[in-house]
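Colleague: Structure file upload_27.cif, mmCIF, C-alpha atoms, is pasted below:
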```
data_query
#
loop_
_atom_site.label_atom_id
_atom_site.label_comp_id
_atom_site.auth_asym_id
_atom_site.auth_seq_id
_atom_site.Cartn_x
_atom_site.Cartn_y
_atom_site.Cartn_z
CA MET A 1172 11.42 -8.21 10.02
CA ALA A 1173 8.00 -9.85 10.07
CA CYS A 1174 9.07 -13.30 8.85
CA ILE A 1175 12.46 -13.77 10.42
CA SER A 1176 12.95 -13.01 14.13
CA PRO A 1177 16.08 -11.19 15.30
CA ASP A 1178 17.46 -14.55 16.52
CA GLY A 1179 17.11 -15.98 12.99
CA THR A 1180 14.09 -18.18 13.67
CA LEU A 1181 11.08 -18.08 11.35
CA THR A 1182 7.69 -16.81 12.48
CA GLU A 1183 4.66 -19.06 12.18
CA SER A 1184 3.35 -17.14 9.17
CA ALA A 1185 6.76 -17.46 7.46
CA ARG A 1186 6.72 -21.23 7.96
CA LYS A 1187 3.21 -21.35 6.48
CA MET A 1188 4.37 -19.38 3.43
CA LEU A 1189 7.46 -21.54 2.95
CA ALA A 1190 5.36 -24.70 3.14
CA ALA A 1191 3.02 -23.22 0.52
CA VAL A 1192 5.78 -22.65 -2.06
CA ARG A 1193 7.25 -26.15 -2.33
CA ASN A 1194 6.13 -25.93 -5.98
CA PRO A 1195 6.06 -22.69 -8.04
CA THR A 1196 3.11 -20.71 -6.70
CA THR A 1197 1.71 -17.19 -7.07
CA ALA A 1198 1.24 -14.84 -4.11
CA GLU A 1199 -2.54 -15.05 -4.62
CA GLU A 1200 -2.42 -18.85 -4.38
CA VAL A 1201 -0.28 -18.65 -1.24
CA ALA A 1202 -2.80 -16.25 0.32
CA GLN A 1203 -5.60 -18.66 -0.48
CA SER A 1204 -3.88 -21.79 0.83
CA THR A 1205 -2.52 -20.17 4.01
CA ALA A 1206 -5.55 -17.92 4.75
CA LEU A 1207 -3.10 -15.04 5.26
CA PRO A 1208 -4.03 -11.58 3.88
CA LEU A 1209 -2.67 -10.97 0.38
CA PHE A 1210 -0.73 -7.85 1.46
CA ARG A 1211 0.93 -9.88 4.21
CA VAL A 1212 1.88 -12.64 1.77
CA ARG A 1213 3.37 -10.22 -0.77
CA SER A 1214 5.40 -8.52 1.94
CA GLY A 1215 6.45 -11.82 3.53
CA LEU A 1216 7.50 -13.43 0.25
CA ARG A 1217 9.58 -10.33 -0.56
CA GLU A 1218 11.36 -10.76 2.77
CA LEU A 1219 11.88 -14.50 2.22
CA VAL A 1220 13.32 -13.78 -1.25
CA GLN A 1221 15.73 -11.23 0.26
CA ALA A 1222 16.79 -13.85 2.83
CA GLY A 1223 17.50 -16.37 0.06
CA LEU A 1224 14.85 -18.83 1.26
CA VAL A 1225 12.58 -18.38 -1.79
CA VAL A 1226 13.15 -17.42 -5.42
CA GLU A 1227 10.70 -15.59 -7.66
CA ARG A 1228 10.41 -16.22 -11.38
CA GLU A 1229 7.72 -14.58 -13.51
CA GLY A 1230 5.41 -14.00 -10.58
CA ARG A 1231 5.78 -17.50 -9.11
CA TYR A 1232 7.59 -18.27 -5.89
CA GLN A 1233 9.48 -21.45 -4.98
CA LEU A 1234 11.58 -22.72 -2.08
CA THR A 1235 15.37 -22.66 -2.45
CA ASP A 1236 17.55 -25.42 -0.97
CA THR A 1237 18.24 -23.10 1.98
CA GLY A 1238 14.52 -22.55 2.42
CA ARG A 1239 13.89 -26.30 2.32
CA GLN A 1240 16.39 -26.80 5.15
CA LYS A 1241 14.51 -24.24 7.24
CA LEU A 1242 11.23 -26.17 7.04
CA MET B 1154 4.59 16.40 -6.10
CA SER B 1155 7.02 19.16 -5.06
CA ALA B 1156 7.59 19.76 -1.36
CA GLU B 1157 7.63 23.08 0.42
CA VAL B 1158 8.43 24.01 4.02
CA ILE B 1159 5.77 25.83 6.03
CA GLU B 1160 6.78 26.89 9.56
CA GLY B 1161 9.42 24.16 9.71
CA VAL B 1162 7.10 21.39 8.48
CA LYS B 1163 7.74 19.84 5.06
CA THR B 1164 4.49 19.59 3.14
CA VAL B 1165 3.46 18.63 -0.37
CA GLY B 1166 0.23 19.35 -2.16
CA LEU B 1167 -2.63 17.05 -1.23
CA PRO B 1168 -3.00 13.93 -3.33
CA ARG B 1169 -5.71 14.27 -5.96
CA LEU B 1170 -8.81 12.20 -6.57
CA ASN B 1171 -8.77 9.81 -9.52
CA GLU B 1172 -4.98 9.90 -9.72
CA PRO B 1173 -2.63 7.09 -8.63
CA ALA B 1174 -2.15 7.13 -4.86
CA PRO B 1175 1.50 7.87 -3.98
CA GLU B 1176 3.53 4.64 -3.62
CA PHE B 1177 5.38 4.08 -0.34
CA GLU B 1178 7.29 1.47 1.61
CA ALA B 1179 6.89 1.69 5.37
CA VAL B 1180 7.61 -0.12 8.62
CA THR B 1181 4.35 -1.38 10.14
CA THR B 1182 3.21 -3.59 12.99
CA HIS B 1183 2.87 -6.36 10.36
CA GLY B 1184 6.32 -5.90 8.81
CA VAL B 1185 7.53 -3.71 5.94
CA LEU B 1186 4.61 -3.00 3.61
CA ARG B 1187 4.29 -1.23 0.28
CA LEU B 1188 1.15 0.35 -1.11
CA SER B 1189 1.48 -2.03 -4.08
CA ASP B 1190 1.11 -4.99 -1.69
CA TYR B 1191 -2.60 -4.07 -1.61
CA ARG B 1192 -3.07 -4.13 -5.39
CA GLY B 1193 -6.26 -5.99 -6.29
CA ARG B 1194 -7.96 -5.04 -3.00
CA TRP B 1195 -9.55 -1.84 -1.77
CA LEU B 1196 -7.54 -0.05 0.92
CA ILE B 1197 -8.48 2.50 3.57
CA LEU B 1198 -5.29 4.26 4.63
CA PHE B 1199 -6.01 6.38 7.70
CA SER B 1200 -3.96 8.45 10.10
CA HIS B 1201 -4.45 9.26 13.76
CA PRO B 1202 -2.64 11.92 15.83
CA ALA B 1203 -0.92 9.72 18.43
CA ASP B 1204 -0.98 6.39 20.25
CA PHE B 1205 -2.32 6.25 23.82
CA THR B 1206 -4.67 9.20 23.32
CA PRO B 1207 -8.38 9.04 24.12
CA VAL B 1208 -10.12 9.99 20.85
CA CYS B 1209 -7.73 7.80 18.82
CA THR B 1210 -8.41 4.85 21.12
CA THR B 1211 -12.18 5.17 20.56
CA GLU B 1212 -11.56 5.41 16.81
CA PHE B 1213 -9.38 2.30 16.75
CA ILE B 1214 -12.06 0.35 18.57
CA ALA B 1215 -14.63 1.65 16.05
CA PHE B 1216 -12.39 0.67 13.10
CA ALA B 1217 -11.88 -2.79 14.61
CA GLU B 1218 -15.68 -3.13 14.91
CA ILE B 1219 -16.26 -2.46 11.20
CA TYR B 1220 -13.26 -4.57 10.13
CA PRO B 1221 -15.34 -7.72 9.40
CA GLU B 1222 -17.79 -5.65 7.32
CA LEU B 1223 -14.89 -4.12 5.40
CA GLN B 1224 -13.35 -7.53 4.77
CA ARG B 1225 -16.68 -8.73 3.35
CA ARG B 1226 -16.42 -5.85 0.89
CA GLY B 1227 -12.82 -6.69 -0.07
CA VAL B 1228 -11.40 -3.73 1.85
CA ASP B 1229 -8.22 -3.71 3.97
CA LEU B 1230 -7.36 -1.16 6.66
CA LEU B 1231 -3.95 0.42 7.26
CA GLY B 1232 -3.41 2.91 10.09
CA LEU B 1233 -0.62 5.47 10.48
CA SER B 1234 0.80 7.85 13.04
CA ILE B 1235 4.13 9.48 13.79
CA ASP B 1236 4.97 6.99 16.53
CA SER B 1237 7.43 4.10 16.76
CA VAL B 1238 6.43 0.53 16.02
CA TYR B 1239 7.13 -0.27 19.71
CA SER B 1240 4.61 2.39 20.76
CA HIS B 1241 2.06 0.94 18.31
CA ILE B 1242 2.59 -2.59 19.65
CA ALA B 1243 2.28 -1.42 23.29
CA TRP B 1244 -0.89 0.55 22.48
CA ILE B 1245 -2.71 -2.22 20.62
CA ARG B 1246 -1.76 -4.68 23.38
CA ASN B 1247 -3.14 -2.18 25.91
CA ILE B 1248 -6.41 -1.84 23.94
CA GLU B 1249 -6.76 -5.62 23.91
CA GLU B 1250 -5.94 -5.99 27.63
CA LYS B 1251 -8.00 -3.07 28.94
CA MET B 1252 -10.87 -2.93 26.45
CA GLY B 1253 -10.98 -6.48 25.12
CA VAL B 1254 -10.70 -5.38 21.49
CA GLU B 1255 -8.19 -6.94 19.12
CA ILE B 1256 -6.80 -4.58 16.47
CA PRO B 1257 -6.52 -6.81 13.39
CA PHE B 1258 -4.97 -4.39 10.90
CA PRO B 1259 -1.39 -3.05 10.54
CA ILE B 1260 -0.28 0.43 11.60
CA ILE B 1261 2.52 2.37 9.89
CA ALA B 1262 5.23 3.71 12.21
CA ASP B 1263 5.91 6.90 10.26
CA LEU B 1264 8.64 8.34 12.46
CA ASN B 1265 10.34 10.12 9.55
CA LYS B 1266 6.93 11.50 8.39
CA GLU B 1267 7.60 10.21 4.88
CA VAL B 1268 4.14 8.79 4.20
CA ALA B 1269 2.41 11.57 6.16
CA THR B 1270 4.18 14.13 3.97
CA LEU B 1271 3.37 12.27 0.74
CA TYR B 1272 -0.33 12.23 1.61
CA GLY B 1273 -0.58 15.70 3.15
CA MET B 1274 -1.60 14.31 6.54
CA ILE B 1275 0.13 16.98 8.62
CA MET B 1276 -1.76 20.25 8.98
CA PRO B 1277 0.77 22.68 10.48
CA GLY B 1278 -2.05 25.02 11.53
CA GLU B 1279 -3.32 22.23 13.77
CA SER B 1280 -0.15 20.42 14.82
CA LYS B 1281 3.37 20.26 13.43
CA THR B 1282 4.15 16.96 15.13
CA GLU B 1283 0.97 14.91 14.67
CA THR B 1284 -1.07 13.72 11.73
CA SER B 1285 -4.67 14.89 11.49
CA ARG B 1286 -7.52 12.37 11.20
CA CYS B 1287 -7.26 11.60 7.49
CA VAL B 1288 -8.90 8.82 5.49
CA PHE B 1289 -7.82 7.85 1.97
CA VAL B 1290 -9.85 5.31 0.01
CA ILE B 1291 -7.69 3.61 -2.61
CA ASP B 1292 -9.22 1.25 -5.17
CA PRO B 1293 -7.87 -2.13 -6.38
CA ASP B 1294 -5.99 -0.37 -9.21
CA GLY B 1295 -4.17 1.90 -6.75
CA VAL B 1296 -6.23 4.97 -7.65
CA LEU B 1297 -7.20 7.43 -4.92
CA ARG B 1298 -10.99 7.53 -4.91
CA ALA B 1299 -11.97 9.52 -1.82
CA MET B 1300 -10.46 11.59 1.01
CA ILE B 1301 -11.87 12.63 4.37
CA TYR B 1302 -10.12 15.05 6.76
CA TYR B 1303 -11.18 15.53 10.38
CA PRO B 1304 -9.51 17.74 12.99
CA LEU B 1305 -7.69 16.46 16.07
CA THR B 1306 -10.69 17.12 18.31
CA THR B 1307 -13.27 15.12 16.41
CA GLY B 1308 -13.50 11.35 16.10
CA ARG B 1309 -14.56 9.95 12.76
CA ASN B 1310 -17.86 8.26 11.94
CA THR B 1311 -17.08 4.74 10.77
CA ASP B 1312 -20.67 4.23 9.52
CA GLU B 1313 -19.97 6.98 6.99
CA ILE B 1314 -16.77 5.22 5.92
CA LEU B 1315 -18.72 1.99 5.28
CA ARG B 1316 -21.38 3.99 3.44
CA LEU B 1317 -18.69 5.62 1.30
CA ILE B 1318 -17.23 2.23 0.37
CA ASP B 1319 -20.70 0.92 -0.52
CA ALA B 1320 -21.34 3.98 -2.68
CA LEU B 1321 -18.01 3.75 -4.54
CA GLN B 1322 -18.39 0.02 -5.18
CA THR B 1323 -21.97 0.55 -6.38
CA THR B 1324 -20.80 3.31 -8.73
CA ASP B 1325 -18.12 1.02 -10.17
CA ALA B 1326 -20.42 -1.97 -10.55
CA HIS B 1327 -23.40 -0.17 -12.12
CA LYS B 1328 -21.97 3.06 -13.63
CA VAL B 1329 -24.32 5.23 -11.58
CA ALA B 1330 -23.99 8.02 -9.01
CA THR B 1331 -25.49 8.05 -5.52
CA PRO B 1332 -27.58 10.87 -4.04
CA ALA B 1333 -27.18 12.59 -0.68
CA ASN B 1334 -27.47 10.25 2.30
CA TRP B 1335 -27.74 7.25 -0.01
CA ARG B 1336 -27.76 3.83 1.61
CA PRO B 1337 -27.56 0.40 -0.07
CA GLY B 1338 -31.04 -0.47 -1.36
CA ASP B 1339 -31.97 3.17 -2.06
CA LYS B 1340 -32.51 4.40 -5.62
CA VAL B 1341 -29.41 5.57 -7.50
CA ILE B 1342 -28.89 8.45 -9.90
CA VAL B 1343 -28.63 7.79 -13.60
CA PRO B 1344 -25.73 9.82 -15.08
CA PRO B 1345 -27.09 13.03 -16.69
CA PRO B 1346 -27.50 13.01 -20.47
CA THR B 1347 -24.97 14.98 -22.46
CA THR B 1348 -26.97 15.70 -25.62
CA THR B 1349 -30.50 16.96 -26.28
CA GLU B 1350 -31.35 13.68 -28.00
CA MET B 1351 -30.23 11.70 -24.94
CA ALA B 1352 -32.19 14.11 -22.69
CA GLU B 1353 -35.35 13.45 -24.72
CA GLU B 1354 -34.82 9.70 -24.61
CA ARG B 1355 -34.13 9.89 -20.89
CA VAL B 1356 -37.59 11.31 -20.14
CA LYS B 1357 -39.18 8.42 -22.08
CA ALA B 1358 -36.95 5.72 -20.61
CA GLY B 1359 -39.14 5.00 -17.63
CA TYR B 1360 -36.80 6.29 -14.95
CA GLU B 1361 -38.15 8.25 -11.99
CA CYS B 1362 -37.30 11.74 -13.29
CA VAL B 1363 -37.84 15.03 -11.47
CA ASP B 1364 -36.56 16.64 -14.63
CA TRP B 1365 -34.35 15.48 -17.50
CA TYR B 1366 -31.15 16.05 -15.49
CA LEU B 1367 -32.26 14.35 -12.25
CA CYS B 1368 -33.38 10.78 -12.81
CA LYS B 1369 -33.28 7.90 -10.36
CA LYS B 1370 -33.69 4.16 -10.75
CA GLU B 1371 -33.75 1.01 -8.68
CA LEU B 1372 -30.79 -1.30 -9.00
#
```
Go ahead and render the structure in this file as structure tokens.
Modeller:
Amino acid sequence: MACISPDGTLTESARKMLAAVRNPTTAEEVAQSTALPLFRVRSGLRELVQAGLVVEREGRYQLTDTGRQKL
Amino acid sequence: MSAEVIEGVKTVGLPRLNEPAPEFEAVTTHGVLRLSDYRGRWLILFSHPADFTPVCTTEFIAFAEIYPELQRRGVDLLGLSIDSVYSHIAWIRNIEEKMGVEIPFPIIADLNKEVATLYGMIMPGESKTETSRCVFVIDPDGVLRAMIYYPLTTGRNTDEILRLIDALQTTDAHKVATPANWRPGDKVIVPPPTTTEMAEERVKAGYECVDWYLCKKEL
């Protein structure tokens, strides 16, 4: 897992991505605001969605309550 | 693509130019990546035979050196070998410690040979357990645009890879072809006419024509 360490803590890039999706945001916008590569953002957001920290609706990503607690 | 088994190695036909590059999901040194994660960017997917081997180490340093130039052209790099992610991490840390070169791009740990098989990277006549030195250039729409295959013994020329990217991007931007040994700034080839009327007009169009079928122009 690239975003969530085996001990459950978030990596620095995961925290950047979570902070970038406080409001509904596209992967491209997250890549721009975090200066992370787009492929890394798409992969990371997918992982954060699977972990229940982010939801995706119509191509836009947003923090869940669980994700907000992790920040 | 249907798979067949040659001398114990599962192979499929090689991917084909101007067709969609085969989709995959793979464990990499930057997490689990899919080909579709690169949509909208150019991608160079390349394989090397094995970590901690001399020719591959020189190639990785050479790829790291052209990485900023590739990024300027909107191109990402993705390596691959049939090694574990732990081996990849140890190797790139070793390259940084011993040679002072940071490897900025991800590397697929293709232990089950899934991606290598999809892309025809294993040449059983050369090695049944390693990938050959393959390069696949995939465009922002996910279409395979170019392939280069080198044997285990021979390191690749990264200048040629940059030149290839420049040529493909020039072709896309200006609907032209590029002649042998073309470099950015050189004249390009105007696509050949397909009718006699177009051939006649071509000669009068002011291009630098050797004959009606071989015309060049400045960009």
Colleague: Using Å and a single decimal, report how far atom CA of Trp1244 of chain B sits from atom CA of Gly1215 of chain A.
Modeller: 23.8 Å
Colleague: Using all atoms listed in the file, collect all residues at a distance of at most 9 Å from (3.2, -15.6, -9.1) as written in the file, then present them as a CSV table (one decimal) with C-alpha atoms, in the frame of the given file.
Modeller:
```
chain,number,residue,atom,x,y,z
A,1195,PRO,CA,6.1,-22.7,-8.0
A,1196,THR,CA,3.1,-20.7,-6.7
A,1197,THR,CA,1.7,-17.2,-7.1
A,1198,ALA,CA,1.2,-14.8,-4.1
A,1199,GLU,CA,-2.5,-15.0,-4.6
A,1200,GLU,CA,-2.4,-18.8,-4.4
A,1227,GLU,CA,10.7,-15.6,-7.7
A,1228,ARG,CA,10.4,-16.2,-11.4
A,1229,GLU,CA,7.7,-14.6,-13.5
A,1230,GLY,CA,5.4,-14.0,-10.6
A,1231,ARG,CA,5.8,-17.5,-9.1
A,1232,TYR,CA,7.6,-18.3,-5.9
```
Colleague: Pick out the residues sitting within 8 Å of Glu1178 of chain B, and hand them over as a ChimeraX atom specification; count only C-alpha atoms, and ignore anything fewer than 2 positions along from it in its own chain.
Modeller: /B:1176,1180,1185-1188
Colleague: Find the residues in chain A near chain B: any atom within 6 Å counts, using all atoms listed in the file. Write them as a ChimeraX atom specification.
Modeller: /A:1172-1173,1210,1213-1214
Colleague: Translate the PyMOL selection byres ((chain A and resi 1222-1225) around 8), as applied to the file shown, into an explicit residue set as an mmCIF file with C-alpha atoms, in the coordinates of the input.
Modeller:
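As a result, result_3.cif now contains:
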```
data_model
loop_
_atom_site.group_PDB
_atom_site.id
_atom_site.type_symbol
_atom_site.label_atom_id
_atom_site.label_comp_id
_atom_site.auth_asym_id
_atom_site.auth_seq_id
_atom_site.Cartn_x
_atom_site.Cartn_y
_atom_site.Cartn_z
ATOM 1 C CA LEU A 1189 7.460 -21.540 2.950
ATOM 2 C CA LEU A 1216 7.500 -13.430 0.250
ATOM 3 C CA GLU A 1218 11.360 -10.760 2.770
ATOM 4 C CA LEU A 1219 11.880 -14.500 2.220
ATOM 5 C CA VAL A 1220 13.320 -13.780 -1.250
ATOM 6 C CA GLN A 1221 15.730 -11.230 0.260
ATOM 7 C CA VAL A 1226 13.150 -17.420 -5.420
ATOM 8 C CA GLU A 1227 10.700 -15.590 -7.660
ATOM 9 C CA TYR A 1232 7.590 -18.270 -5.890
ATOM 10 C CA GLN A 1233 9.480 -21.450 -4.980
ATOM 11 C CA LEU A 1234 11.580 -22.720 -2.080
ATOM 12 C CA THR A 1235 15.370 -22.660 -2.450
ATOM 13 C CA ASP A 1236 17.550 -25.420 -0.970
ATOM 14 C CA THR A 1237 18.240 -23.100 1.980
ATOM 15 C CA GLY A 1238 14.520 -22.550 2.420
ATOM 16 C CA ARG A 1239 13.890 -26.300 2.320
#
```
Colleague: Taking into account only C-alpha atoms, which residue in the set B:Pro1207, B:Gly1338, B:Gly1278, B:Pro1173 is nearest to Thr1307 of chain B?
Modeller: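 Answer, going by the shortest atom-to-atom distance: B:Pro1207.
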Colleague: So which residues touch Leu1207 of chain A within 10 Å, counting only C-alpha atoms, skipping near sequence neighbours fewer than 5 positions away, as a list in words?
Modeller: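 Non-adjacent residues within range: Ser1184, Lys1187, Met1188, Glu1199, Val1201, Ala1202 and Val1212 of chain A.
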Colleague: With a distance cut-off of 12 Å and all atoms listed in the file, select the neighbouring residues of segment 1309-1312 of chain B, excluding the residue or stretch itself and same-chain residues fewer than 4 positions from it, and output the selection as an NGL selection string.
Modeller: :B and (1197 or 1199-1201 or 1208-1220 or 1222-1223 or 1285-1288 or 1301-1305 or 1316-1319 or 1334 or 1336)
Colleague: When distances are computed from only C-alpha atoms, which of B:Thr1282, B:Ser1237, B:Asn1171, B:Gln1224 shows the smallest separation from Ala1262 of chain B?
Modeller: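 When distances to Ala1262 of chain B are compared using only C-alpha atoms, the smallest one comes from B:Ser1237.
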Colleague: Tell me which of B:Ala1179, B:Val1228, B:Val1290, B:Cys1362 sits closest to Pro1208 of chain A, counting all atoms listed in the file.
Modeller: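 Using all atoms listed in the file, the shortest distance to Pro1208 of chain A belongs to B:Val1228.
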Colleague: Taking the file as shown, what set of residues would the PyMOL selection byres ((chain B and resi 1273-1276) around 8) give back, as a list in words?
Modeller: Thr1164, Val1165, Gly1166, Leu1167, Pro1168, Ser1200, Ala1269, Thr1270, Leu1271, Tyr1272, Pro1277, Gly1278, Glu1279, Ser1280, Lys1281, Thr1282, Glu1283, Thr1284, Ser1285, Arg1286 and Cys1287 of chain B
Colleague: Select, from B:Ala1203, B:Arg1246, B:Trp1365, B:Tyr1360, the residue with the minimum atom-to-atom distance to Thr1347 of chain B, counting only C-alpha atoms.
Modeller: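 Closest to Thr1347 of chain B, using only C-alpha atoms: B:Trp1365.
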Colleague: Can you work out the spacing between atom CA of Phe1258 of chain B and atom CA of Gly1232 of chain B in Å, to one decimal?
Modeller: 7.5 Å
Colleague: Could I see segment 1205-1214 of chain B restored to all heavy atoms, set down as an mmCIF file, in the frame of the given file?
Modeller:
```cif
data_model
loop_
_atom_site.group_PDB
_atom_site.id
_atom_site.type_symbol
_atom_site.label_atom_id
_atom_site.label_comp_id
_atom_site.auth_asym_id
_atom_site.auth_seq_id
_atom_site.Cartn_x
_atom_site.Cartn_y
_atom_site.Cartn_z
ATOM 1 N N PHE B 1205 -2.009 6.007 22.400
ATOM 2 C CA PHE B 1205 -2.320 6.250 23.820
ATOM 3 C C PHE B 1205 -3.015 7.589 24.054
ATOM 4 O O PHE B 1205 -2.734 8.288 25.026
ATOM 5 C CB PHE B 1205 -1.058 6.158 24.697
ATOM 6 C CG PHE B 1205 -0.487 4.777 24.775
ATOM 7 C CD1 PHE B 1205 0.619 4.423 24.020
ATOM 8 C CD2 PHE B 1205 -1.059 3.802 25.590
ATOM 9 C CE1 PHE B 1205 1.154 3.136 24.083
ATOM 10 C CE2 PHE B 1205 -0.541 2.509 25.662
ATOM 11 C CZ PHE B 1205 0.581 2.179 24.906
ATOM 12 N N THR B 1206 -3.877 7.979 23.115
ATOM 13 C CA THR B 1206 -4.670 9.200 23.320
ATOM 14 C C THR B 1206 -6.152 8.803 23.233
ATOM 15 O O THR B 1206 -6.497 7.827 22.559
ATOM 16 C CB THR B 1206 -4.337 10.279 22.263
ATOM 17 O OG1 THR B 1206 -4.482 9.712 20.969
ATOM 18 C CG2 THR B 1206 -2.924 10.806 22.444
ATOM 19 N N PRO B 1207 -7.021 9.542 23.930
ATOM 20 C CA PRO B 1207 -8.380 9.040 24.120
ATOM 21 C C PRO B 1207 -9.224 8.955 22.845
ATOM 22 O O PRO B 1207 -9.859 7.923 22.588
ATOM 23 C CB PRO B 1207 -8.991 10.015 25.128
ATOM 24 C CG PRO B 1207 -8.126 11.225 25.084
ATOM 25 C CD PRO B 1207 -6.759 10.761 24.707
ATOM 26 N N VAL B 1208 -9.262 10.028 22.043
ATOM 27 C CA VAL B 1208 -10.120 9.990 20.850
ATOM 28 C C VAL B 1208 -9.626 8.903 19.886
ATOM 29 O O VAL B 1208 -10.419 8.133 19.328
ATOM 30 C CB VAL B 1208 -10.161 11.373 20.151
ATOM 31 C CG1 VAL B 1208 -11.010 11.305 18.887
ATOM 32 C CG2 VAL B 1208 -10.709 12.436 21.089
ATOM 33 N N CYS B 1209 -8.305 8.811 19.724
ATOM 34 C CA CYS B 1209 -7.730 7.800 18.820
ATOM 35 C C CYS B 1209 -8.077 6.396 19.281
ATOM 36 O O CYS B 1209 -8.345 5.516 18.468
ATOM 37 C CB CYS B 1209 -6.210 7.952 18.741
ATOM 38 S SG CYS B 1209 -5.691 9.542 18.106
ATOM 39 N N THR B 1210 -8.085 6.181 20.596
ATOM 40 C CA THR B 1210 -8.410 4.850 21.120
ATOM 41 C C THR B 1210 -9.860 4.494 20.766
ATOM 42 O O THR B 1210 -10.142 3.377 20.316
ATOM 43 C CB THR B 1210 -8.186 4.806 22.643
ATOM 44 O OG1 THR B 1210 -6.823 5.145 22.897
ATOM 45 C CG2 THR B 1210 -8.478 3.421 23.197
ATOM 46 N N THR B 1211 -10.778 5.458 20.919
ATOM 47 C CA THR B 1211 -12.180 5.170 20.560
ATOM 48 C C THR B 1211 -12.296 4.909 19.057
ATOM 49 O O THR B 1211 -13.071 4.056 18.625
ATOM 50 C CB THR B 1211 -13.128 6.328 20.948
ATOM 51 O OG1 THR B 1211 -12.783 7.507 20.204
ATOM 52 C CG2 THR B 1211 -13.067 6.620 22.437
ATOM 53 N N GLU B 1212 -11.509 5.620 18.262
ATOM 54 C CA GLU B 1212 -11.560 5.410 16.810
ATOM 55 C C GLU B 1212 -11.030 4.026 16.432
ATOM 56 O O GLU B 1212 -11.597 3.353 15.575
ATOM 57 C CB GLU B 1212 -10.727 6.467 16.093
ATOM 58 C CG GLU B 1212 -11.364 7.830 16.040
ATOM 59 C CD GLU B 1212 -10.645 8.739 15.065
ATOM 60 O OE1 GLU B 1212 -9.394 8.711 15.025
ATOM 61 O OE2 GLU B 1212 -11.313 9.470 14.347
ATOM 62 N N PHE B 1213 -9.941 3.613 17.081
ATOM 63 C CA PHE B 1213 -9.380 2.300 16.750
ATOM 64 C C PHE B 1213 -10.358 1.184 17.087
ATOM 65 O O PHE B 1213 -10.487 0.216 16.347
ATOM 66 C CB PHE B 1213 -8.020 2.102 17.449
ATOM 67 C CG PHE B 1213 -6.874 2.373 16.525
ATOM 68 C CD1 PHE B 1213 -6.758 3.590 15.896
ATOM 69 C CD2 PHE B 1213 -5.929 1.394 16.251
ATOM 70 C CE1 PHE B 1213 -5.724 3.855 15.012
ATOM 71 C CE2 PHE B 1213 -4.894 1.633 15.362
ATOM 72 C CZ PHE B 1213 -4.785 2.859 14.742
ATOM 73 N N ILE B 1214 -11.049 1.336 18.211
ATOM 74 C CA ILE B 1214 -12.060 0.350 18.570
ATOM 75 C C ILE B 1214 -13.172 0.354 17.514
ATOM 76 O O ILE B 1214 -13.635 -0.704 17.073
ATOM 77 C CB ILE B 1214 -12.614 0.641 19.984
ATOM 78 C CG1 ILE B 1214 -11.508 0.369 21.013
ATOM 79 C CG2 ILE B 1214 -13.857 -0.186 20.274
ATOM 80 C CD1 ILE B 1214 -11.832 0.852 22.407
#
```
